[in-house]
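Colleague: What follows is a single structure, and I will ask about it in a moment.
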Amino acid sequence: MDSNILKFNGYLEVEKELSQNTIESYIRDLRQFNAYLEENNLSDIIHVNKTLIITYLMSLQKSGKSVSTISRNIASLRSFYQFLLNDGIINKDPTINLQSPKQERKLPSILTPKEVEILLEQPNLNCSKGIRDKAMLELLYASGIRVSELIALNVDDINLYMDYILSSRDTPNERVIPIGKMAVDILSLYIEKHRMSFVKDCDEKSLFVNYHGKRLTRQGFWKIVRGYTNQAKINKNITPHTLRHSFAAHLLQNGADLKSVQEMLGHADISTTQVYTLITKNKIKEVYKKAHPRA
């Protein structure tokens, strides 16, 4: 390994205290750039200019590398040359004003209302586990909360008389989220008649409990969703977050205002919520193409 890359590796480990995965990505990118220079009999990695770096990035693009990979390479090179500049090894940073390629904003994957209905019908309501699972799925879709917020809920966070839940209690992001009748009905059934079949300790506050009587884990819930997805035979990659995305998109498609959806999702910036309007626009285009005789 080039001695300066070795020094940079030590800097990332000791001073920046980055994760091992991040460090390995940086170093791998730099070694590939160094190999490119050597293979093409170009300048060494210290004595390069912006034109040479741009040429390298163009070669990555031509070889089929993704926008995200190229952007990561730019970040690695920029960090490396900033280190060399600050250490007095070079006098000018060749990556200054180097622009990262614009990444296409990926739209969240959502379910259709019919697919949501099929998924939520999968739990067996003749047993306590099915009631619990149904309550979790209904609540996730009814409220749009994150998985971490779902499993963090305590029984006291649920108000079945006023039809709302209190999410992220005792944090700056605490918010009150309304829930619909179907979620309220199954939660009432679970809390009143089935939750105690899981609980081992009467002082347990967790709303959703596993077979060990402890709070259900994130991994545990992911397995539950995967199982019902397979059972429903829905040909989509469904994660717990898919129901959150579907919650937001379906609200907007049915006339909810963006600000209200932002508050329910707990987004700090409304631009994060605006991505769901793109899904709505795509849906309108699909309807137009299917319905208009001259589309």
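As shown in the structure tokens, the chain order sets the letters A, B, ...; within each chain, residues go from 1, and ligands are also counted from 1 in the order they appear.
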Segment 21-251 of chain A: which residues are strand (DSSP E) by DSSP, as a short mmCIF file (atom, residue, chain, number, x, y, z; two decimals) with N, CA and C atoms, in the first residue's frame?
Modeller:
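Ended up saving to part-v5.cif:
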```cif
data_model
loop_
_atom_site.label_atom_id
_atom_site.label_comp_id
_atom_site.auth_asym_id
_atom_site.auth_seq_id
_atom_site.Cartn_x
_atom_site.Cartn_y
_atom_site.Cartn_z
N ILE A 158 -51.24 3.91 24.71
CA ILE A 158 -52.42 3.68 23.87
C ILE A 158 -53.66 4.24 24.57
N ASN A 159 -54.37 5.11 23.88
CA ASN A 159 -55.64 5.63 24.41
C ASN A 159 -56.76 5.15 23.49
N TYR A 164 -56.15 7.30 19.89
CA TYR A 164 -54.83 7.80 19.49
C TYR A 164 -53.74 7.04 20.22
N ILE A 165 -52.52 7.15 19.71
CA ILE A 165 -51.36 6.61 20.41
C ILE A 165 -50.38 7.75 20.66
N LEU A 166 -49.57 7.60 21.69
CA LEU A 166 -48.53 8.56 22.00
C LEU A 166 -47.21 7.91 21.64
N SER A 167 -46.57 8.44 20.59
CA SER A 167 -45.33 7.83 20.11
C SER A 167 -44.12 8.64 20.54
N ARG A 175 -45.16 12.68 19.76
CA ARG A 175 -46.30 13.15 18.98
C ARG A 175 -47.52 12.26 19.22
N VAL A 176 -48.68 12.88 19.08
CA VAL A 176 -49.96 12.18 19.22
C VAL A 176 -50.45 11.82 17.82
N ILE A 177 -50.75 10.54 17.61
CA ILE A 177 -51.16 10.08 16.28
C ILE A 177 -52.53 9.41 16.37
N PRO A 178 -53.50 9.88 15.60
CA PRO A 178 -54.82 9.24 15.61
C PRO A 178 -54.76 7.86 14.96
#
```
Colleague: Do a neighbour search on Ile186 of chain A at 10 Å with only C-alpha atoms, toss out local chain neighbours closer than 4 positions, and write the hits as JSON, numbers by chain.
Modeller: {"A": [125, 131, 132, 133, 134, 135, 136, 138, 139, 181, 182, 190, 191, 192]}
Colleague: Please return, as an MDAnalysis selection string, all residues of segment 38-263 of chain A that DSSP assigns to alpha helix (DSSP H) on the basis of the backbone.
Modeller: chainID A and resid 38:39 50:62 67:86 113:120 128:143 147:152 181:189 218:232 240:253 258:263
Colleague: Need to verify the contact set: Glu174 of chain A, 12 Å, only C-alpha atoms, exclusion of same-chain residues closer than 4 positions in sequence. Can you return it as a ChimeraX atom specification?
Modeller: /A:145,149,153,157,165-170,263-267
Colleague: Would you mind exporting the chosen residues as a short mmCIF file (atom, residue, chain, number, x, y, z; two decimals), in the first residue's frame, restricted to all heavy atoms?
Modeller:
```cif
data_model
loop_
_atom_site.label_atom_id
_atom_site.label_comp_id
_atom_site.auth_asym_id
_atom_site.auth_seq_id
_atom_site.Cartn_x
_atom_site.Cartn_y
_atom_site.Cartn_z
N ILE A 145 -46.14 4.76 12.11
CA ILE A 145 -44.96 4.88 12.97
C ILE A 145 -43.85 3.95 12.49
O ILE A 145 -44.07 3.02 11.74
CB ILE A 145 -45.29 4.56 14.45
CG1 ILE A 145 -45.89 3.16 14.60
CG2 ILE A 145 -46.21 5.62 15.04
CD1 ILE A 145 -46.14 2.75 16.04
N GLU A 149 -40.43 2.64 16.89
CA GLU A 149 -41.47 3.26 17.73
C GLU A 149 -42.54 2.24 18.10
O GLU A 149 -43.08 2.28 19.21
CB GLU A 149 -42.08 4.44 16.98
CG GLU A 149 -41.11 5.59 16.76
CD GLU A 149 -41.65 6.66 15.83
OE1 GLU A 149 -42.38 6.33 14.87
OE2 GLU A 149 -41.33 7.83 16.06
N LEU A 153 -43.49 0.97 22.19
CA LEU A 153 -44.75 1.37 22.81
C LEU A 153 -45.01 0.60 24.10
O LEU A 153 -44.77 -0.61 24.19
CB LEU A 153 -45.92 1.13 21.85
CG LEU A 153 -46.07 2.09 20.66
CD1 LEU A 153 -47.14 1.57 19.72
CD2 LEU A 153 -46.40 3.50 21.13
N ASP A 157 -49.22 4.04 26.46
CA ASP A 157 -49.12 4.94 25.30
C ASP A 157 -50.35 4.84 24.40
O ASP A 157 -50.47 5.60 23.44
CB ASP A 157 -47.87 4.61 24.48
CG ASP A 157 -46.59 4.88 25.24
OD1 ASP A 157 -46.57 5.82 26.04
OD2 ASP A 157 -45.61 4.14 25.03
N ILE A 165 -52.52 7.15 19.71
CA ILE A 165 -51.36 6.61 20.41
C ILE A 165 -50.38 7.75 20.66
O ILE A 165 -50.36 8.75 19.93
CB ILE A 165 -50.65 5.48 19.62
CG1 ILE A 165 -50.06 6.01 18.31
CG2 ILE A 165 -51.59 4.32 19.38
CD1 ILE A 165 -49.16 5.02 17.60
N LEU A 166 -49.57 7.60 21.69
CA LEU A 166 -48.53 8.56 22.00
C LEU A 166 -47.21 7.91 21.64
O LEU A 166 -46.80 6.93 22.24
CB LEU A 166 -48.56 8.91 23.49
CG LEU A 166 -47.67 10.07 23.95
CD1 LEU A 166 -48.08 11.36 23.27
CD2 LEU A 166 -47.76 10.22 25.47
N SER A 167 -46.57 8.44 20.59
CA SER A 167 -45.33 7.83 20.11
C SER A 167 -44.12 8.64 20.54
O SER A 167 -44.18 9.87 20.62
CB SER A 167 -45.37 7.74 18.58
OG SER A 167 -44.21 7.13 18.08
N SER A 168 -43.02 7.93 20.80
CA SER A 168 -41.76 8.56 21.21
C SER A 168 -41.93 9.37 22.49
O SER A 168 -41.49 10.51 22.60
CB SER A 168 -41.20 9.46 20.10
OG SER A 168 -40.97 8.72 18.94
N ARG A 169 -42.59 8.79 23.45
CA ARG A 169 -42.77 9.45 24.74
C ARG A 169 -41.41 9.80 25.37
O ARG A 169 -40.44 9.05 25.20
CB ARG A 169 -43.54 8.51 25.68
CG ARG A 169 -43.86 9.10 27.05
CD ARG A 169 -44.32 7.99 27.99
NE ARG A 169 -45.68 7.55 27.68
CZ ARG A 169 -46.76 8.04 28.27
NH1 ARG A 169 -46.65 8.99 29.17
NH2 ARG A 169 -47.95 7.56 27.96
N ASP A 170 -41.35 10.92 26.06
CA ASP A 170 -40.15 11.37 26.77
C ASP A 170 -39.01 11.73 25.83
O ASP A 170 -37.84 11.67 26.21
CB ASP A 170 -39.67 10.33 27.79
CG ASP A 170 -40.72 10.03 28.84
OD1 ASP A 170 -41.47 10.95 29.19
OD2 ASP A 170 -40.80 8.88 29.30
N GLU A 263 -46.45 15.74 10.07
CA GLU A 263 -46.55 15.69 11.54
C GLU A 263 -46.79 14.27 12.03
O GLU A 263 -46.21 13.84 13.02
CB GLU A 263 -47.66 16.62 12.02
CG GLU A 263 -47.32 18.10 11.83
CD GLU A 263 -48.44 19.02 12.29
OE1 GLU A 263 -49.41 18.50 12.89
OE2 GLU A 263 -48.36 20.23 12.04
N MET A 264 -47.64 13.53 11.34
CA MET A 264 -47.92 12.15 11.75
C MET A 264 -46.70 11.26 11.59
O MET A 264 -46.46 10.37 12.41
CB MET A 264 -49.12 11.60 10.97
CG MET A 264 -50.45 12.13 11.45
SD MET A 264 -51.87 11.36 10.63
CE MET A 264 -52.01 12.38 9.16
N LEU A 265 -45.92 11.48 10.53
CA LEU A 265 -44.72 10.68 10.30
C LEU A 265 -43.57 11.09 11.22
O LEU A 265 -42.63 10.33 11.42
CB LEU A 265 -44.27 10.79 8.84
CG LEU A 265 -45.17 10.13 7.79
CD1 LEU A 265 -44.69 10.50 6.39
CD2 LEU A 265 -45.20 8.63 7.95
N GLY A 266 -43.64 12.32 11.74
CA GLY A 266 -42.56 12.79 12.60
C GLY A 266 -41.35 13.26 11.82
O GLY A 266 -40.22 13.23 12.33
N HIS A 267 -41.56 13.70 10.57
CA HIS A 267 -40.45 14.22 9.76
C HIS A 267 -40.10 15.63 10.20
O HIS A 267 -40.98 16.49 10.31
CB HIS A 267 -40.83 14.25 8.27
CG HIS A 267 -40.87 12.91 7.63
ND1 HIS A 267 -41.52 12.65 6.44
CD2 HIS A 267 -40.30 11.72 8.00
CE1 HIS A 267 -41.38 11.38 6.11
NE2 HIS A 267 -40.64 10.79 7.04
#
```
Colleague: Could you name the residues that touch Asp93 of chain A at 8 Å or less, counting only C-alpha atoms, but leaving out those on the same chain fewer than 4 positions away, as a ChimeraX atom specification?
Modeller: /A:81-82,85
Colleague: Per residue of segment 39-121 of chain A within 12 Å of segment 249-259 of chain A, what are the shortest atom pair and its distance in Å to one decimal, counting only C-alpha atoms, with rows by chain and residue number, as CSV?
Modeller:
```
residue,atom,partner,partner_atom,distance
A:Leu107,CA,A:Ala249,CA,10.8
A:Pro108,CA,A:Ala249,CA,9.3
A:Ser109,CA,A:Ala249,CA,9.9
A:Ile110,CA,A:Ala249,CA,7.6
A:Leu111,CA,A:His250,CA,9.2
A:Thr112,CA,A:His250,CA,8.3
A:Pro113,CA,A:His250,CA,7.7
A:Lys114,CA,A:His250,CA,11.5
A:Val116,CA,A:His250,CA,10.6
```
Colleague: Could you dump the residues just selected with C-alpha atoms as a compact mmCIF listing (two decimals), in the first residue's frame?
Modeller:
```txt
# COMPACT_ATOMS: atom_id res chain seq x y z
CA LEU A 107 -39.30 6.36 -4.74
CA PRO A 108 -40.33 4.34 -1.69
CA SER A 109 -41.91 0.98 -2.41
CA ILE A 110 -45.57 0.90 -1.40
CA LEU A 111 -48.43 -1.57 -1.40
CA THR A 112 -51.78 -1.02 -3.06
CA PRO A 113 -54.76 -0.79 -0.67
CA LYS A 114 -55.78 -4.28 -1.83
CA VAL A 116 -52.44 -4.09 2.40
```
Colleague: Mind pulling up the distance from atom CA of Gln20 of chain A to atom CA of Glu38 of chain A?
Modeller: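 Separating atom CA of Glu38 of chain A from atom CA of Gln20 of chain A is a distance of 26.7 Å.
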Colleague: Here is a test: counting only C-alpha atoms, which residue of A:Ser246, A:Asn34, A:Ser43, A:Thr239 is nearest to Val147 of chain A?
Modeller: A:Thr239
Colleague: For a quick check of understanding, using only C-alpha atoms, which of A:Asn230, A:Ser128, A:Ser63, A:Asn21 has the smallest distance to Ser197 of chain A?
Modeller: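 Checking each of A:Asn230, A:Ser128, A:Ser63, A:Asn21 against Ser197 of chain A, counting only C-alpha atoms, the winner is A:Ser128.
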Colleague: For Thr69 of chain A, which residue among A:Asp29, A:Glu204, A:Asp156, A:Glu17 is the nearest when counting only C-alpha atoms?
Modeller: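 The closest residue to Thr69 of chain A is A:Asp29.
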Colleague: Would you mind telling me which residue in A:Ser100, A:Asn41, A:Ser25, A:Asn91 lies nearest to Leu12 of chain A when using only C-alpha atoms?
Modeller: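 Among A:Ser100, A:Asn41, A:Ser25, A:Asn91, it is A:Ser25 that comes nearest to Leu12 of chain A.
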Colleague: Write out as a list in words each polymer residue whose atoms come within 9 Å of Phe33 of chain A, counting only C-alpha atoms; drop sequence neighbours fewer than 5 positions from it.
Modeller: Arg28, Glu38, Ile45, Ile53, Tyr56, Asn73 and Leu77 of chain A
Colleague: Could you turn the residues from that selection into a file that holds C-alpha atoms, as a PDB file, in the first residue's frame?
Modeller:
```pdb
ATOM      1  CA  ARG A  28     -10.360   0.329  -1.222  1.00  0.00           C
ATOM      2  CA  GLU A  38      -0.045   2.792 -12.310  1.00  0.00           C
ATOM      3  CA  ILE A  45      -1.323   9.528  -6.395  1.00  0.00           C
ATOM      4  CA  ILE A  53      -9.334  12.692 -11.326  1.00  0.00           C
ATOM      5  CA  TYR A  56     -10.710   8.438 -13.685  1.00  0.00           C
ATOM      6  CA  ASN A  73     -15.245   7.467  -4.722  1.00  0.00           C
ATOM      7  CA  LEU A  77     -10.658  11.069  -2.788  1.00  0.00           C
TER       8      LEU A  77
END
```
